[in-house]
Structures are given as C-alpha cells and as structure tokens.
>>> print(open('work09.tsv').read())   # TSV, C-alpha atoms
chain	number	residue	atom	x	y	z
A	1	LEU	CA	40.57	119.61	73.20
A	2	GLY	CA	38.27	121.40	75.62
A	3	ALA	CA	41.11	121.87	78.11
A	4	GLY	CA	43.23	123.53	75.44
A	5	GLN	CA	40.36	125.90	74.61
A	6	GLY	CA	40.09	127.07	78.21
A	7	ASN	CA	37.15	124.91	79.28
A	8	ALA	CA	37.46	124.75	83.08
A	9	ASN	CA	35.46	121.53	83.36
A	10	ALA	CA	37.71	119.81	80.80
A	11	GLN	CA	40.82	121.17	82.52
A	12	PHE	CA	39.63	119.82	85.86
A	13	HIS	CA	38.94	116.37	84.45
A	14	LEU	CA	42.32	116.23	82.73
A	15	GLY	CA	43.94	117.15	86.03
A	16	PHE	CA	41.92	114.43	87.75
A	17	MET	CA	43.08	111.87	85.18
A	18	TYR	CA	46.73	112.77	85.74
A	19	SER	CA	46.41	112.80	89.53
A	20	HIS	CA	44.78	109.35	89.56
A	21	GLY	CA	46.56	107.76	86.60
A	22	LEU	CA	43.37	107.22	84.60
A	23	GLY	CA	44.28	106.54	80.97
A	24	VAL	CA	47.61	108.34	81.45
A	25	PRO	CA	50.64	107.73	83.69
A	26	GLN	CA	50.04	109.22	87.13
A	27	ASP	CA	51.76	112.60	87.22
A	28	TYR	CA	50.98	115.00	90.07
A	29	ALA	CA	52.98	117.85	88.54
A	30	GLU	CA	50.98	117.60	85.31
A	31	ALA	CA	47.75	117.34	87.32
A	32	MET	CA	48.67	120.56	89.13
A	33	ILE	CA	49.00	122.39	85.81
A	34	PHE	CA	45.45	121.56	84.75
A	35	TYR	CA	43.93	121.97	88.20
A	36	LEU	CA	45.50	125.42	88.37
A	37	LEU	CA	44.08	126.41	84.99
A	38	ALA	CA	40.60	125.40	86.13
A	39	ALA	CA	41.03	126.86	89.63
A	40	ASP	CA	42.07	130.23	88.24
A	41	GLN	CA	38.74	130.30	86.39
A	42	GLY	CA	36.92	129.85	89.69
A	43	ASP	CA	36.26	126.11	89.52
A	44	ALA	CA	35.58	125.20	93.19
A	45	LEU	CA	36.42	121.50	92.86
A	46	ALA	CA	39.73	122.34	91.18
A	47	GLN	CA	40.45	124.90	93.91
A	48	PHE	CA	39.74	122.24	96.53
A	49	ASN	CA	42.08	119.79	94.80
A	50	MET	CA	44.77	122.46	94.63
A	51	GLY	CA	44.42	122.77	98.39
A	52	ILE	CA	44.68	119.01	98.85
A	53	MET	CA	47.79	118.71	96.69
A	54	ASN	CA	49.53	121.58	98.47
A	55	GLU	CA	48.55	120.13	101.85
A	56	ASN	CA	49.81	116.65	100.94
A	57	GLY	CA	52.84	117.68	98.89
A	58	GLN	CA	51.61	116.08	95.67
A	59	GLY	CA	53.33	117.64	92.65
A	60	VAL	CA	54.68	120.44	94.86
A	61	PRO	CA	56.43	120.64	98.25
A	62	VAL	CA	54.05	120.66	101.22
A	63	ASP	CA	52.78	124.22	101.60
A	64	HIS	CA	50.02	124.74	104.17
A	65	THR	CA	49.83	128.47	103.48
A	66	GLU	CA	49.05	127.77	99.81
A	67	ALA	CA	46.60	125.07	100.89
A	68	VAL	CA	44.76	127.61	103.05
A	69	LYS	CA	44.57	130.00	100.08
A	70	TRP	CA	42.90	127.44	97.82
A	71	PHE	CA	40.63	125.95	100.47
A	72	GLN	CA	39.50	129.49	101.27
A	73	LYS	CA	38.60	130.15	97.63
A	74	ALA	CA	36.56	126.94	97.39
A	75	ALA	CA	35.06	127.46	100.85
A	76	ASP	CA	33.85	130.92	99.86
A	77	GLN	CA	31.90	129.24	97.07
A	78	GLY	CA	30.14	126.98	99.56
A	79	PHE	CA	32.20	123.85	98.93
A	80	ALA	CA	31.66	121.90	102.19
A	81	ALA	CA	34.78	119.72	102.01
A	82	ALA	CA	36.94	122.82	101.59
A	83	GLN	CA	35.16	124.53	104.49
A	84	TYR	CA	35.89	121.49	106.64
A	85	ASN	CA	39.57	121.34	105.61
A	86	LEU	CA	39.96	125.07	106.19
A	87	GLY	CA	38.52	124.62	109.67
A	88	GLY	CA	40.99	121.82	110.27
A	89	LEU	CA	43.95	124.02	109.37
A	90	TYR	CA	42.73	126.75	111.73
A	91	GLU	CA	42.28	124.11	114.43
A	92	SER	CA	45.83	122.76	113.99
A	93	GLY	CA	47.49	126.10	113.22
A	94	GLN	CA	48.97	124.94	109.92
A	95	GLY	CA	49.33	127.68	107.32
A	96	VAL	CA	47.50	130.10	109.62
A	97	PRO	CA	47.76	131.05	113.30
A	98	GLN	CA	45.84	128.53	115.41
A	99	ASN	CA	42.37	129.89	116.01
A	100	TYR	CA	39.67	127.66	117.51
A	101	VAL	CA	36.98	130.31	117.00
A	102	GLU	CA	37.73	130.49	113.26
A	103	ALA	CA	37.89	126.69	113.12
A	104	MET	CA	34.45	126.52	114.73
A	105	LYS	CA	33.13	129.00	112.20
A	106	TRP	CA	34.13	126.88	109.22
A	107	PHE	CA	33.14	123.58	110.84
A	108	HIS	CA	29.71	125.09	111.49
A	109	VAL	CA	29.28	126.19	107.88
A	110	ALA	CA	30.24	122.74	106.58
A	111	ALA	CA	28.25	120.93	109.28
A	112	ASN	CA	25.13	122.88	108.38
A	113	GLN	CA	25.49	121.46	104.87
A	114	GLY	CA	25.40	117.97	106.39
A	115	PHE	CA	29.14	117.28	106.17
A	116	ALA	CA	29.65	114.49	108.71
A	117	ASN	CA	33.34	115.10	109.50
A	118	ALA	CA	32.58	118.72	110.33
A	119	GLN	CA	29.65	117.68	112.51
A	120	TYR	CA	31.94	115.31	114.38
A	121	ASN	CA	34.62	117.98	114.85
A	122	LEU	CA	32.01	120.38	116.22
A	123	GLY	CA	31.03	117.70	118.71
A	124	VAL	CA	34.64	117.35	119.83
A	125	MET	CA	35.09	121.09	120.21
A	126	TYR	CA	31.88	121.49	122.21
A	127	GLU	CA	32.85	118.53	124.38
A	128	LYS	CA	36.33	119.95	125.05
A	129	GLY	CA	35.34	123.63	125.14
A	130	GLN	CA	37.66	124.62	122.31
A	131	GLY	CA	36.69	127.96	120.76
A	132	VAL	CA	33.37	127.79	122.56
A	133	THR	CA	31.98	127.29	126.07
A	134	GLN	CA	32.01	123.58	126.96
A	135	ASP	CA	28.53	122.18	126.28
A	136	TYR	CA	27.93	118.44	126.47
A	137	ALA	CA	24.36	118.69	125.20
A	138	GLU	CA	25.54	120.56	122.09
A	139	ALA	CA	28.32	118.01	121.66
A	140	MET	CA	25.70	115.26	121.76
A	141	LYS	CA	23.66	117.04	119.09
A	142	TRP	CA	26.55	117.19	116.62
A	143	TYR	CA	27.83	113.71	117.41
A	144	ARG	CA	24.35	112.36	116.75
A	145	LEU	CA	24.07	114.10	113.39
A	146	ALA	CA	27.43	112.67	112.28
A	147	ALA	CA	26.71	109.27	113.82
A	148	ASP	CA	23.43	109.03	111.91
A	149	GLN	CA	25.49	109.37	108.72
A	150	GLY	CA	27.68	106.43	109.74
A	151	HIS	CA	30.65	108.37	111.15
A	152	ALA	CA	32.39	105.76	113.31
A	153	ASP	CA	34.28	108.19	115.57
A	154	ALA	CA	31.05	110.06	116.25
A	155	GLN	CA	29.23	106.81	116.97
A	156	ARG	CA	31.87	105.81	119.49
A	157	ASN	CA	31.92	109.23	121.15
A	158	LEU	CA	28.13	109.17	121.34
A	159	ALA	CA	28.39	105.79	123.08
A	160	VAL	CA	30.82	107.24	125.62
A	161	MET	CA	28.43	110.13	126.32
A	162	TYR	CA	25.62	107.66	126.99
A	163	LEU	CA	27.89	105.48	129.12
A	164	THR	CA	29.04	108.40	131.29
A	165	GLY	CA	25.79	110.39	131.25
A	166	ARG	CA	27.34	113.56	129.85
A	167	GLY	CA	24.86	115.73	127.95
A	168	VAL	CA	22.27	112.98	128.14
A	169	LYS	CA	20.71	110.62	130.66
A	170	GLN	CA	23.06	107.69	131.38
A	171	ASN	CA	22.00	104.65	129.36
A	172	ASP	CA	24.12	101.52	128.95
A	173	THR	CA	21.79	100.07	126.31
A	174	GLU	CA	22.18	103.13	124.09
A	175	ALA	CA	25.94	103.01	124.67
A	176	VAL	CA	26.03	99.43	123.39
A	177	LYS	CA	23.95	100.38	120.35
A	178	TRP	CA	26.40	103.08	119.25
A	179	TYR	CA	29.52	101.09	120.15
A	180	ARG	CA	28.16	98.30	117.97
A	181	LEU	CA	27.54	100.56	114.98
A	182	ALA	CA	31.14	101.82	115.16
A	183	ALA	CA	32.52	98.34	115.84
A	184	ASP	CA	30.64	96.93	112.86
A	185	GLN	CA	32.65	99.30	110.66
A	186	GLY	CA	35.92	97.84	111.93
A	187	TYR	CA	36.75	100.61	114.42
A	188	ALA	CA	39.10	98.76	116.77
A	189	ARG	CA	38.61	101.02	119.78
A	190	ALA	CA	34.83	100.59	119.58
A	191	GLN	CA	35.27	96.83	119.17
A	192	TYR	CA	37.30	96.83	122.38
A	193	ASN	CA	34.65	98.92	124.15
A	194	LEU	CA	31.91	96.57	122.98
A	195	GLY	CA	33.91	93.60	124.23
A	196	PHE	CA	34.09	95.28	127.63
A	197	MET	CA	30.30	95.77	127.67
A	198	TYR	CA	29.80	92.06	126.98
A	199	VAL	CA	32.33	90.88	129.53
A	200	SER	CA	30.85	93.13	132.22
A	201	GLY	CA	27.21	92.64	131.24
A	202	LYS	CA	26.54	96.36	130.85
A	203	GLY	CA	23.71	97.15	128.44
A	204	VAL	CA	23.70	93.52	127.26
A	205	PRO	CA	23.53	90.14	128.97
A	206	GLN	CA	27.02	89.03	130.00
A	207	ASP	CA	28.43	86.88	127.19
A	208	TYR	CA	32.05	85.76	127.16
A	209	VAL	CA	31.81	84.39	123.61
A	210	PHE	CA	30.85	87.78	122.17
A	211	ALA	CA	33.32	89.55	124.47
A	212	HIS	CA	36.16	87.30	123.23
A	213	MET	CA	35.07	87.81	119.62
A	214	TRP	CA	35.15	91.61	119.88
A	215	PHE	CA	38.39	91.68	121.87
A	216	ASN	CA	39.92	89.38	119.26
A	217	LEU	CA	38.84	91.61	116.38
A	218	ALA	CA	40.19	94.69	118.14
A	219	ALA	CA	43.48	92.93	118.87
A	220	ALA	CA	43.79	91.82	115.24
A	221	ALA	CA	43.30	95.45	114.20
A	222	GLY	CA	46.23	96.49	116.40
A	223	TYR	CA	44.46	97.64	119.58
A	224	GLN	CA	46.97	96.40	122.15
A	225	ASP	CA	44.77	96.63	125.27
A	226	ALA	CA	42.41	94.11	123.71
A	227	ILE	CA	45.02	91.33	123.75
A	228	LYS	CA	45.20	91.16	127.54
A	229	ASP	CA	41.42	91.36	127.97
A	230	ARG	CA	40.84	88.69	125.32
A	231	ASP	CA	43.25	86.34	127.06
A	232	THR	CA	41.77	87.09	130.49
A	233	THR	CA	38.28	86.41	129.13
A	234	ALA	CA	39.47	83.16	127.59
A	235	GLN	CA	40.43	81.90	131.07
A	236	ARG	CA	36.74	82.01	132.01
A	237	MET	CA	35.63	80.08	128.92
A	238	THR	CA	35.45	76.45	127.87
A	239	PRO	CA	37.43	75.28	124.83
A	240	THR	CA	34.14	74.99	122.94
A	241	GLN	CA	33.23	78.59	123.74
A	242	ILE	CA	36.66	79.82	122.65
A	243	ALA	CA	36.36	77.93	119.37
A	244	GLU	CA	32.92	79.48	118.80
A	245	ALA	CA	34.26	82.98	119.51
A	246	GLN	CA	37.17	82.46	117.14
A	247	LYS	CA	34.82	81.22	114.43
A	248	LEU	CA	32.60	84.29	114.85
A	249	ALA	CA	35.65	86.55	114.56
A	250	ARG	CA	36.84	84.80	111.39
A	251	GLU	CA	33.41	85.10	109.78
A	252	TRP	CA	32.86	88.73	110.75
A	253	LYS	CA	32.75	91.29	107.92
A	254	PRO	CA	32.77	95.09	108.34
A	255	THR	CA	30.00	97.35	107.11
A	256	THR	CA	30.84	100.20	104.73
A	257	PRO	CA	28.64	103.28	105.15
A	258	ARG	CA	28.98	106.33	102.91
A	259	ASP	CA	31.96	108.31	104.16
A	260	ALA	CA	33.03	111.93	103.77
A	261	ILE	CA	35.13	111.13	100.70
A	262	GLY	CA	31.83	110.42	99.00
A	263	TYR	CA	30.98	114.12	99.07
A	264	VAL	CA	33.86	115.05	96.76
A	265	GLU	CA	33.39	112.02	94.53
A	266	GLU	CA	29.68	112.74	94.25
A	267	ARG	CA	30.36	116.33	93.22
A	268	ARG	CA	32.82	115.16	90.57
A	269	ARG	CA	30.47	112.54	89.16
A	270	ASN	CA	27.55	114.98	89.00
A	271	ARG	CA	29.59	117.15	86.64
A	272	MET	CA	30.17	114.25	84.28
A	273	HIS	CA	26.48	113.88	83.44
>>> encode(input="work09.tsv", output="structure tokens")
Amino acid sequence: LGAGQGNANAQFHLGFMYSHGLGVPQDYAEAMIFYLLAADQGDALAQFNMGIMNENGQGVPVDHTEAVKWFQKAADQGFAAAQYNLGGLYESGQGVPQNYVEAMKWFHVAANQGFANAQYNLGVMYEKGQGVTQDYAEAMKWYRLAADQGHADAQRNLAVMYLTGRGVKQNDTEAVKWYRLAADQGYARAQYNLGFMYVSGKGVPQDYVFAHMWFNLAAAAGYQDAIKDRDTTAQRMTPTQIAEAQKLAREWKPTTPRDAIGYVEERRRNRMH
C-alpha cells in the first residue's frame, strides 16, 4: 500500500523482496521498477541497488554507464558502498574513462567512513603507485585498517609487507600472524603462504605437520602450487605425521568475520526498525 502511495521506503522494500524472492517469485525486472521509483525520490539505498543491477545485468542488460550514474547519486549522499563501487569503475574504466586519481578520490571517501574494501584498494594503489606516488608506508596504513576489520586480502598483503620489509621493519613473526588470520578465513593463497612459513621455519618453529595441513587446505581450495609442496613435504614425514596432518585438515573450520556486504545489509535492516 505504501509503495502505491509513493512511499520511497516501501517502494525500496518491495523492490528488495522481488530482487531476492522474499514472499514473491524472484523477478529482477519487477524489482527494478520499484527500486527506480524509490531512487527517483532520492533514496540512496535504492540508487545503490539500481547501480548494482545495471552493473550485473539484473533485470536490464549490463550497462556500466547507467551504473556509474546511480552509484554517483548514492555516493553524493555519502553512501560508502556506492563510493567504493564508483571508485572501482573509475579504476577499471567501465562506464567512464579510466582514471586512477578519481578512483583514489572515491576510495578515500569510502575508506574514511571505515569501509574495509575501500581501505584495501587504497593500500593496493599506494603499493603500486596508481593515481598517487608509490608509498609503502601509506599502503601499510590502509592495509592495516582493512585487516583489522577482517579483510582477508588486506591481511595477506600486510603479511607480505612484513615478510619483505616494505613500509615496515621486516618481521617474520608478524608475517605469520597476518597470514594466519587470512588463512583462518579460508583464503587459499594465505594458507599456502602459511604452509611455506611452517615448512621453512620462518616466524614459527619448523613443523611439517602444520605445513602439510595448510598446503592440503590450500590444495583442496584449488591453489595448484600447494599440491606439489604438500607432496614434497609429505616425503619428509612419517605415516603417523601425515595422518595427523590430514586429520587436522579435515577438522579445520573457517572463521567468518563481518565482511563488506554487511554494510549494505546493516543499512537496510536499520530502516526496518
């Protein structure tokens, strides 16, 4: 009823129900109708979802230019996820000419709101010198902010910075700490890196059982390099040690920190109360 009377909040929620199939058959085209009604009234979350649907081709053909338009509208209202996505489109040159400086601008705005993905992307751009002078110390700063929020890619990149001594004093123990946090989330590349630290005894006592376990988990997740290193490590182990490593791998469970999707979901839920 509220949607039919022009209530933007009701229109947004009806669009959300159609896009996710909640109480109605999933219908992206119908969702677009209600999102558009709300977005045209200035609803930032509806504008963001319009951007997402145009970017992903849900209910409409993929249209990055239209996605930029809607992300821009939501970004101008301070919506961090839209600011991040807008930065990503400038970084990739989809829907707009590629512009690292503009990408940095929007990543900064979102990152300053605590948006972990944007903080991570800033770290990458400072590390690579994209749109800004290369600055490893600044890269470390942004990686750390994202890593502290549980961002696995940032945690792994932070580990690499500690391992190589870029932007920070070289420290194998710190590298292991951050590899482990990323590996515990199921990040295969970090699991492989952690296995290497155990097999080489860098930052931790050498331990073939733990090395085999982490290589095995990485291999199971599709990281091909881990297969060879797991099998090479196994040649140095007793059958009992191999069985123990396999048991540890079977019993391992990933952690699940709050991710960036939580920002949008949190905003939606706050409006329901």
>>> atom_distance(input="work09.tsv", atom1="atom CA of Ala234 of chain A", atom2="atom CA of Val209 of chain A")
8.7 Å
>>> atom_distance(input="work09.tsv", atom1="atom CA of Thr164 of chain A", atom2="atom CA of Gly131 of chain A")
23.5 Å
>>> atom_distance(input="work09.tsv", atom1="atom CA of Trp214 of chain A", atom2="atom CA of Lys169 of chain A")
26.2 Å
>>> residues_around(input="work09.tsv", residues="Ala44 of chain A", least_positions_apart="5", cutoff="9 Å", atoms="all atoms listed in the file", output="count of residues only")
13
>>> closest_residue(input="work09.tsv", among="A:Gly165, A:His151, A:Ala110, A:Phe34", to="Tyr136 of chain A", atoms="all atoms listed in the file")
A:Gly165
>>> residues_around(input="work09.tsv", residues="Phe215 of chain A", least_positions_apart="4", cutoff="6 Å", atoms="only C-alpha atoms", output="ChimeraX atom specification")
/A:192,195,226,230
>>> write_last_selection(input="work09.tsv", atoms="C-alpha atoms", output="PDB file, keeping the file's coordinate frame")
ATOM      1  CA  TYR A 192      37.300  96.830 122.380  1.00  0.00           C
ATOM      2  CA  GLY A 195      33.910  93.600 124.230  1.00  0.00           C
ATOM      3  CA  ALA A 226      42.410  94.110 123.710  1.00  0.00           C
ATOM      4  CA  ARG A 230      40.840  88.690 125.320  1.00  0.00           C
TER       5      ARG A 230
END
>>> residues_around(input="work09.tsv", residues="segment 6-23 of chain A", least_positions_apart="4", cutoff="6 Å", atoms="all atoms listed in the file", output="count of residues only")
8
>>> residues_around(input="work09.tsv", residues="segment 172-189 of chain A", least_positions_apart="5", cutoff="9 Å", atoms="only C-alpha atoms", output="ChimeraX atom specification")
/A:147,150-164,194,197,202-204,214-215,217-223,226,252-257
>>> residues_around(input="work09.tsv", residues="segment 248-250 of chain A", least_positions_apart="3", cutoff="7 Å", atoms="all atoms listed in the file", output="PyMOL selection string")
chain A and resi 213+216-217+244-245
>>> residues_near_point(input="work09.tsv", point="(50.6, 125.6, 107.3)", cutoff="10 Å", atoms="all atoms listed in the file", output="list of chain:residue names")
A:Asn54, A:Glu55, A:Val62, A:Asp63, A:His64, A:Thr65, A:Glu66, A:Ala67, A:Val68, A:Leu89, A:Tyr90, A:Ser92, A:Gly93, A:Gln94, A:Gly95, A:Val96, A:Pro97, A:Gln98
>>> axis_aligned_box(input="work09.tsv", around="segment 132-147 of chain A", padding_each_side="8 Å", output="lines of an AutoDock Vina configuration file")
center_x = 28.5
center_y = 118.5
center_z = 119.6
size_x = 25.7
size_y = 34.5
size_z = 30.7
>>> residues_near_point(input="work09.tsv", point="(26.0, 111.7, 111.4)", cutoff="10 Å", atoms="only C-alpha atoms", output="PyMOL selection string")
chain A and resi 111+114-120+141-155+259
